[in-house]
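First the structure, in the form of structure tokens, and then the observations on it.
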Amino acid sequence: MARNRETLLLLLDVGPSMHKVLPELEKVCSMLVEKKLVYHKSDQVGIILFGTEDTKNELTREVGGYEHVVVLQDTKVVDGDLVEALQQLPRGTFNGDFLDAIIVGMDILIKKFGETDKKKKRLCLITNALSPVKDPFEGTKEGQVVTIAEQLVRHGMGMESIVVRERLNGTATKRIMDENDHLLNIFAKKTSAKLVYVESPTSLLGALRTRNISPVTIFRGDLELSSKMKIKVWVYKKTSEEKFPTLKKYSDKAPPTDKFATHEVKVDYEYKSVEDPSRVVPPEERIKGYRYGPQVVPIAPSEWDAVKFKPEKSVKLLGFTNASNILRHYYMKDANVFIADPGNTRAIIAVSALARAMKEENKVAIVRCVWRHGQGNVIVGVLTPNVSDKDNIPDSFNFNVLPFVEDVREFQFPSFNNFPASWQPNEQQQEAADDLVKLLDLAPSGKEEALQPEFTPNPILQRFYHHLDLKSKHPDAAIPPLDETLKRITEPDPELFSLNKSAIDAFRRSFELKDNPKLKKSTRRILREKTSGSNMGKGFADISVQSLNSIENTSAVKIEIIGDLTPVQDFETMMSRRDSPEWIGKAIKDMKNKIFDLVEDSYEGDNYPKALECLVALRKGCILEQEPKQFNDFLRHLCKFCREKNLSSFCEFLTSKELTLISKTEAIDSEVSDDEARSFLVKSDTKVE
């Protein structure tokens with residue numbers, strides 16, 4: 001959109017002291033333009049270099065001075081030429097004066113937009129600030145910086161400064177560094193400019209804001225503390241996952257001579273009747289259906305709208321709790337920030353007072369949020385006070401969504417203390433592990449923390465944008481290898497590991513490593529747990545493992561009937577088919593018939609073991625597919641059938657193997673209690689006697 005169009009001037013230090021980081025500087029600046037070509041193709045970008053051997057700018061011609069400052073590219077709409085220019089920056093031979101570069105950049109923007117144009121204008125300074133700044137003709141350096149800062153504010157220009165400084169350079173005195181840092185801090189205070197210090201190439205990649213996202217509120221209204229106490233607040237998104245840009249379908253069917261062709265691909269869907277494939281079903285004859293077990297339940301849009309919960313837009317306080325009660329892993333989704341209405345002084349004071357009181361008492365607030373009218377769900381979240389340490393930034397709250405009980409995954413793992421002593425680490429092993437953790441610290445004292453979230457770019461996105469730019473120029477280009485800087489994000493730091501090789505070797509020597517054979521199916525463990533926790537005996541457990549082994553060896557061939565040779569494998573294959581919901585019902589029905597045939601055709605019980613295997617497989621399948629009633633009704637009917645046909649020996653065989661009905665413990669949909677399940681075959685046996 002035109003109102004969000006930005007004009008950005010890059011002020012880049014290319015002096016001798018910056019030569020080491022210029023390759024990374026080229027990457028991050030070209031990445032900035034590549035992303036603008038995707039998201040903000042109407043933005044304008046210009047390039048100013050300082051520390052060059054040459055001098056090329058209008059101020060030098062008009063008033064003199066401002067030497068070793070070159071306008072490499074005046075502001076223009078982003079294109080591929082800008083990317084190429086930033087990928088091949090010249091190496092300067094003189095120390096650069098960043099104040100000269102800022103003044104030249106301001107002059108360009110003022111001449112281009114004047115004093116009344118309120119379009120977004122931004123200066124981005126990247127330097128190591130190790131070179132001295134010249135004394136002005138009149139006044140002091142501090143006074144000159146204050147004057148420049150006032151002009152920036154007056155003309156609505158933003159500014160951010162990125163200081164790249166790996167380690168103290170021996171050629172730079174501490175006095176020059178401190179003076180330059182002091183001047184840059186004046187800019188930060190007078191203009192609310194962003195000032196960032198980075199040490200590593202990886203941090204430089206993330207320090208420059210490559211995508212400009214306009215802040216948009218998701219809620220403006222009252223924070224209701226009670227029916228009589230409300231505070232006007234605005235809510236913004238604090239963090240949000242950046243995803244790949246939407247890829248669109250492109251058609252090359254338009255004639256090459258058609259200059260107005262959009263090359264768009266439009267997709268239309270037709271719904272046809274199963275009974276009459278030639279008949280198109282119109283929208284008024286279609287209805288959505290929801291799976292409920294093996295069946296599909298149709299629900300009309302009017303019914304669905306009536307069922308939907310439609311809360312009113314509001315943010316209401318539910319209460320306060322100790323901050324220790326809200327654990328970090330409870331946080332869900334994106335984070336938001338609550339600020340007071342910027343134009344409401346009373347709201348700003350109220351938010352500040354509340355935030356400071358909560359901070360002092362170590363409390364957090366639980367709130368119920370409905371961001372907009374018609375929102376289909378209610379959010380419960382936690383407000384954490386964020387007390388500002390700067391005079392020009394008001395206090396606020398950070399907001400995180402909390403889970404409902406359905407969102408929480410309760411995994412119960414056994415305590416390590418319950419393991420035998422031979423499985424516990426000894427003192428030497430524990431010490432080796434402690435040393436390993438300490439020495440591989442990403443935030444060692446005296447050094448910049450590695451992989452800080454605010455300075456670490458997503459390597460997948462970075463590589464995608466780079467490859468997109470490459471394909472735009474060379475359609476047949478091969479995928480390039482991963483950049484070395486991005487490797488530092490995706491792979492362990494070789495320098496860190498080499499420095500701490502002794503700790504790694506000590507850790508390795510302290511533990512005996514053995515191969516852990518991989519099971520074919522993880523369901524084996526689940527089945528054993530179910531078997532050990534149920535009320536069935538050893539005979540049933542042995543049958544279950546045999547049944548599982550048959551599942552593991554099931555062919556990928558689609559089975560449509562249960563055969564005589566491998567009925568269990570055929571049943572499992574049919575149950576696992578998802579190309580139609582009818583297969584589950586057919587598999588259960590066919591397995592019931594197969595069990596009846598095996599029992600009825602048995603001679604002196606020769607088919608009983610195979611019938612039991614089929615019963616076990618049927619029982620397991622009905623539990624997994626939430627069909628306990630089908631199995632329980634079938635088992636009752638089978639026992640009744642055996643009594644009527646003088647096959648009571650099969651019931652006795654089932655009793656010896658302790659196969660029972662499916663209880664509520666195993667399937668929540670079952671209507672059979674644990675006691676009833678345990679006593680079922682006992683009762684059946686009594687009736688036979």
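If you're wondering about the labels, chains in the structure tokens are A, B, ... by order shown, residues count from 1 in each chain, ligands from 1 in order shown.
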
What's around Thr456 (chain A) at 8 Å? Count only C-alpha atoms, leave out sequence neighbours fewer than 4 positions away in its own chain, and write the answer as a PyMOL selection string. chain A and resi 202-203+205-207+451-452+489

Give me the residues near region 416-428 of chain A as a ChimeraX atom specification, where near means some atom within 10 Å (using only C-alpha atoms) and where sequence neighbours in that chain fewer than 4 positions away do not count. /A:432-434,506-507,510-511

Go ahead and write the residues just picked, N, CA, C and O atoms, as a JSON list (two decimals), in the first residue's frame.
[["chain", "number", "residue", "atom", "x", "y", "z"],
["A", 432, "ALA", "N", 31.44, -35.02, 35.24],
["A", 432, "ALA", "CA", 31.76, -34.86, 33.81],
["A", 432, "ALA", "C", 30.61, -34.20, 33.06],
["A", 432, "ALA", "O", 30.82, -33.35, 32.18],
["A", 433, "ALA", "N", 29.39, -34.58, 33.42],
["A", 433, "ALA", "CA", 28.22, -33.97, 32.78],
["A", 433, "ALA", "C", 28.09, -32.50, 33.16],
["A", 433, "ALA", "O", 27.78, -31.65, 32.31],
["A", 434, "ASP", "N", 28.34, -32.17, 34.43],
["A", 434, "ASP", "CA", 28.29, -30.77, 34.87],
["A", 434, "ASP", "C", 29.31, -29.92, 34.12],
["A", 434, "ASP", "O", 29.01, -28.80, 33.68],
["A", 506, "ALA", "N", 36.22, -36.26, 28.17],
["A", 506, "ALA", "CA", 36.02, -36.77, 29.55],
["A", 506, "ALA", "C", 34.60, -37.30, 29.72],
["A", 506, "ALA", "O", 34.38, -38.32, 30.38],
["A", 507, "PHE", "N", 33.65, -36.63, 29.14],
["A", 507, "PHE", "CA", 32.25, -37.08, 29.22],
["A", 507, "PHE", "C", 32.09, -38.40, 28.49],
["A", 507, "PHE", "O", 31.40, -39.31, 28.97],
["A", 510, "SER", "N", 33.47, -41.31, 30.44],
["A", 510, "SER", "CA", 32.76, -41.63, 31.68],
["A", 510, "SER", "C", 31.57, -42.54, 31.47],
["A", 510, "SER", "O", 31.01, -43.06, 32.43],
["A", 511, "PHE", "N", 31.17, -42.72, 30.22],
["A", 511, "PHE", "CA", 29.99, -43.52, 29.95],
["A", 511, "PHE", "C", 30.31, -44.59, 28.92],
["A", 511, "PHE", "O", 31.01, -44.34, 27.93]]

Find the residue from A:Val265, A:Leu183, A:Leu486, A:Leu223 that sits nearest to Pro201 (chain A); use only C-alpha atoms when measuring. A:Leu486

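In this comparison, which uses only C-alpha atoms, the residue of A:Asp258, A:Asp54, A:Glu24, A:Asp222 approaching Ile339 (chain A) most closely is A:Asp222.
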
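Counting only C-alpha atoms, the residue from A:Asn57, A:Asn180, A:Ser324, A:Ser214 that sits nearest to Val71 (chain A) is A:Asn57.
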
DSSP alpha helix (DSSP H) residues within region 144-285 of chain A, listed as a PyMOL selection string: chain A and resi 144-154+174-191+201-207

Using only C-alpha atoms, determine which residues lie at most 12 Å from region 593-605 of chain A, disregarding the query and same-chain residues fewer than 5 positions distant; provide the list as a count of residues only. 42

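Between CA of Leu195 (chain A) and CA of Glu160 (chain A) the interatomic distance comes to 5.9 Å.
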
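Our summary of the geometry notes that CA of Leu247 (chain A) is positioned 23.4 Å from CA of Leu82 (chain A).
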
Report as a VMD selection string all protein, DNA and RNA residues lying within 10 Å of Ile559 (chain A), evaluated on only C-alpha atoms, omitting residues in the same chain fewer than 6 positions from it. chain A and resid 569 to 575 577 583 587

Take the residues from that selection and write them out as an mmCIF file, in the first residue's frame, keeping N, CA, C and O atoms.
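result_39.cif, written as the output of this step:
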data_model
loop_
_atom_site.group_PDB
_atom_site.id
_atom_site.type_symbol
_atom_site.label_atom_id
_atom_site.label_comp_id
_atom_site.auth_asym_id
_atom_site.auth_seq_id
_atom_site.Cartn_x
_atom_site.Cartn_y
_atom_site.Cartn_z
ATOM 1 N N GLN A 569 -3.795 -61.185 10.141
ATOM 2 C CA GLN A 569 -3.111 -60.195 9.308
ATOM 3 C C GLN A 569 -4.085 -59.516 8.346
ATOM 4 O O GLN A 569 -4.021 -58.293 8.130
ATOM 5 N N ASP A 570 -4.999 -60.294 7.772
ATOM 6 C CA ASP A 570 -5.980 -59.711 6.857
ATOM 7 C C ASP A 570 -6.874 -58.714 7.583
ATOM 8 O O ASP A 570 -7.197 -57.632 7.048
ATOM 9 N N PHE A 571 -7.282 -59.064 8.797
ATOM 10 C CA PHE A 571 -8.143 -58.169 9.585
ATOM 11 C C PHE A 571 -7.424 -56.855 9.897
ATOM 12 O O PHE A 571 -7.993 -55.762 9.737
ATOM 13 N N GLU A 572 -6.166 -56.964 10.332
ATOM 14 C CA GLU A 572 -5.414 -55.752 10.669
ATOM 15 C C GLU A 572 -5.227 -54.854 9.443
ATOM 16 O O GLU A 572 -5.307 -53.631 9.529
ATOM 17 N N THR A 573 -4.974 -55.471 8.297
ATOM 18 C CA THR A 573 -4.792 -54.689 7.073
ATOM 19 C C THR A 573 -6.080 -53.967 6.695
ATOM 20 O O THR A 573 -6.063 -52.781 6.330
ATOM 21 N N MET A 574 -7.211 -54.655 6.790
ATOM 22 C CA MET A 574 -8.496 -54.021 6.457
ATOM 23 C C MET A 574 -8.821 -52.901 7.436
ATOM 24 O O MET A 574 -9.339 -51.843 7.052
ATOM 25 N N MET A 575 -8.509 -53.103 8.705
ATOM 26 C CA MET A 575 -8.787 -52.065 9.710
ATOM 27 C C MET A 575 -7.935 -50.816 9.481
ATOM 28 O O MET A 575 -8.334 -49.695 9.829
ATOM 29 N N ARG A 577 -7.011 -49.609 6.581
ATOM 30 C CA ARG A 577 -7.325 -48.909 5.334
ATOM 31 C C ARG A 577 -8.157 -47.656 5.625
ATOM 32 O O ARG A 577 -9.079 -47.674 6.435
ATOM 33 N N TRP A 583 -14.512 -49.864 5.429
ATOM 34 C CA TRP A 583 -13.625 -50.997 5.663
ATOM 35 C C TRP A 583 -13.608 -51.429 7.122
ATOM 36 O O TRP A 583 -13.476 -52.632 7.420
ATOM 37 N N ALA A 587 -14.479 -55.156 8.143
ATOM 38 C CA ALA A 587 -13.470 -55.989 8.793
ATOM 39 C C ALA A 587 -14.011 -56.619 10.071
ATOM 40 O O ALA A 587 -13.789 -57.808 10.336
#

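Here CA of Asp135 (chain A) stands at a distance of 24.9 Å from CA of His155 (chain A).
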
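Proximity ranking of A:Ile126, A:Leu152, A:Ile231, A:Val382 relative to Arg346 (chain A) places A:Ile231 first, based on only C-alpha atoms.
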
Within 12 Å of region 405-415 of chain A, counting only C-alpha atoms, which residues qualify if same-chain residues fewer than 6 places away don't, as a ChimeraX atom specification? /A:329-333,380,424

Write out as a ChimeraX atom specification which residues come within 12 Å of Ser226 (chain A) when counting only C-alpha atoms, dropping same-chain ones fewer than 5 positions away. /A:231,315-319,367

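Of the residues under consideration (A:Ala350, A:Leu130, A:Val28, A:Ile110), A:Val28 shows the shortest atom-to-atom contact distance to Phe455 (chain A) when counting only C-alpha atoms.
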